[in-house]
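Here the structure is laid out as structure tokens; the discussion comes afterwards.
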Amino acid sequence: MAFFRLPIAAEEPPGLRGKGFVLRTPRLEDFDAWAALREASRDFLKPWEPVWPSDDLTKPAFRRRLKRYAREIEDDSAYPFFLFREADGALLGGLTLGMVRRGVSQAATLGYWMGQQHAGAGAMTTGVRLACSYAFETLRLRRIEAACVPYNIASTRVLEKVGFQREGYARQYLCIDGLWQDHLLFALLRAEFAADTPSP
Ligand SMILES: CC(C)(COP(=O)(O)OP(=O)(O)OC[C@H]1O[C@@H](n2cnc3c(N)ncnc32)[C@H](O)[C@@H]1OP(=O)(O)O)[C@@H](O)C(=O)NCCC(=O)NCCS
């Protein structure tokens with residue numbers, strides 16, 4: 001895996017690349033590709049995500065999203081990334097290391113989505129590995145948590161492949177697709193990632 005500095009903002013997290021994929025902070029120039037991919041994947045993503053606001057795919061909403069992302073990065077509270085194919089720069093999906101807790105926690109929560117046309121090719125497994133490398137090696141977190149509804153087989157597989165361990169079951173944990181749904185809870189520790197997972 002290689003780190004490279006993006007030229008546009010000193011405070012922006014470094015881009016990350018590995019195995020033909022690149023993770024970097026979302027930018028305004030990503031709007032067209034992002035909106036098209038989300039629209040084309042709406043039915044695929046809807047069962048697994050919070051309800052989308054009605055203006056979600058508009059440019060003003062995307063600008064607000066980017067402002068929120070910048071604030072969160074500045075506050076060290078969340079690190080959003082888009083996932084691209086390195087060969088042609090195609091946007092494939094997104095990941096967020098969110099709810100960063102410092103102090104005695106040193107933990108974050110990972111979420112992710114893939115455009116429907118790009119799913120099933122191993123991209124998100126690499127994306128999650130890259131995000132975990134960043135979380136453990138650069139942010140120096142100790143623990144990454146993730147949760148998914150029990151019937152989300154693809155998401156569970158991604159977590160298992162990266163080495164996350166199932167730790168529990170949380171009732172009515174998140175409001176997904178308009179319903180408060182039970183979730184499986186997973187976590188990965190820095191020591192496990194370093195010991196068990198090859199670099200992306
Ligand atoms: C979950 C998601 C991000 C995975 O992305 P991806 O790029 O397809 O993931 P990968 O290709 O790296 O791995 C997917 C794994 O799930 C497996 N899988 C996918 N659908 C499956 C199914 N219905 N039954 C069994 N296995 C399934 C794939 O075979 C693969 O495992 P393998 O490598 O052992 O064969 C993507 O499916 C997605 O965006 N889903 C909708 C949104 C979502 O679920 N977000 C996460 C919420 S917690």
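Chain labels follow the order of the structure tokens: the first chain is A, the next B, and so on; residue numbering restarts at 1 in every chain, and ligands are counted from 1 in their shown order.
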List all protein, DNA and RNA residues that have at least one atom no more than 7 Å from any atom of ligand 1, counting only C-alpha atoms and all ligand atoms, and write them as a ChimeraX atom specification. /A:44-45,48-49,111-116,118-126,147-149,152-155,157-158
Find the residues near A:Trp180: any atom within 12 Å, counting only C-alpha atoms, skip ones fewer than 3 places away on the same chain, and give them as a PyMOL selection string. chain A and resi 48-51+149+170-177+183
From the set A:Arg85, A:Arg190, A:Lys161, A:Arg38, which residue has the shortest atom-to-atom contact distance to A:Cys132, counting only C-alpha atoms? A:Arg190
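Of the listed residues (A:Phe31, A:Phe193, A:Phe164, A:Tyr169), A:Phe193 comes nearest to A:Glu137; the distances count only C-alpha atoms.
Restricting the calculation to only C-alpha atoms, the smallest distance between A:Leu141 and any of A:Leu28, A:Val100, A:Leu57, A:Leu185 is found for A:Val100.
Distance-wise, atom CA of A:Trp52 and atom CA of A:Ile73 end up 22.6 Å apart.
Of the residues listed (A:Leu37, A:Val104, A:Ala191, A:Leu91), A:Ala191 shows the shortest atom-to-atom separation from A:Ser133; distances use only C-alpha atoms.
Between A:Thr96 and the residues A:Tyr69, A:Glu74, A:Leu159, A:Ala187, the shortest atom-to-atom distance, using only C-alpha atoms, involves A:Tyr69.
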Residues of stretch 85-186 of chain A classed as alpha helix (DSSP H) by DSSP on the backbone are to be reported as a CSV table (one decimal) with C-alpha atoms, in the first residue's frame.
```csv
chain,number,residue,atom,x,y,z
A,123,ALA,CA,-13.4,-4.0,-4.6
A,124,MET,CA,-15.0,-3.3,-1.2
A,125,THR,CA,-12.9,-5.9,0.6
A,126,THR,CA,-9.8,-4.0,-0.7
A,127,GLY,CA,-11.5,-0.7,0.2
A,128,VAL,CA,-12.1,-1.8,3.8
A,129,ARG,CA,-8.5,-3.0,4.1
A,130,LEU,CA,-7.3,0.4,2.9
A,131,ALA,CA,-9.6,2.2,5.3
A,132,CYS,CA,-8.4,0.0,8.2
A,133,SER,CA,-4.8,0.6,7.4
A,153,ILE,CA,-24.6,-11.7,3.6
A,154,ALA,CA,-22.4,-9.6,1.3
A,155,SER,CA,-21.5,-7.1,4.0
A,156,THR,CA,-20.9,-9.9,6.6
A,157,ARG,CA,-18.6,-11.6,4.1
A,158,VAL,CA,-16.5,-8.4,3.5
A,159,LEU,CA,-16.0,-8.0,7.3
A,160,GLU,CA,-15.1,-11.6,7.8
A,161,LYS,CA,-12.6,-11.5,4.8
A,162,VAL,CA,-10.8,-8.5,6.4
```
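In this comparison, which uses only C-alpha atoms, the residue of A:Gly163, A:Gly98, A:Gly15, A:Gly93 approaching A:Trp34 most closely is A:Gly93.
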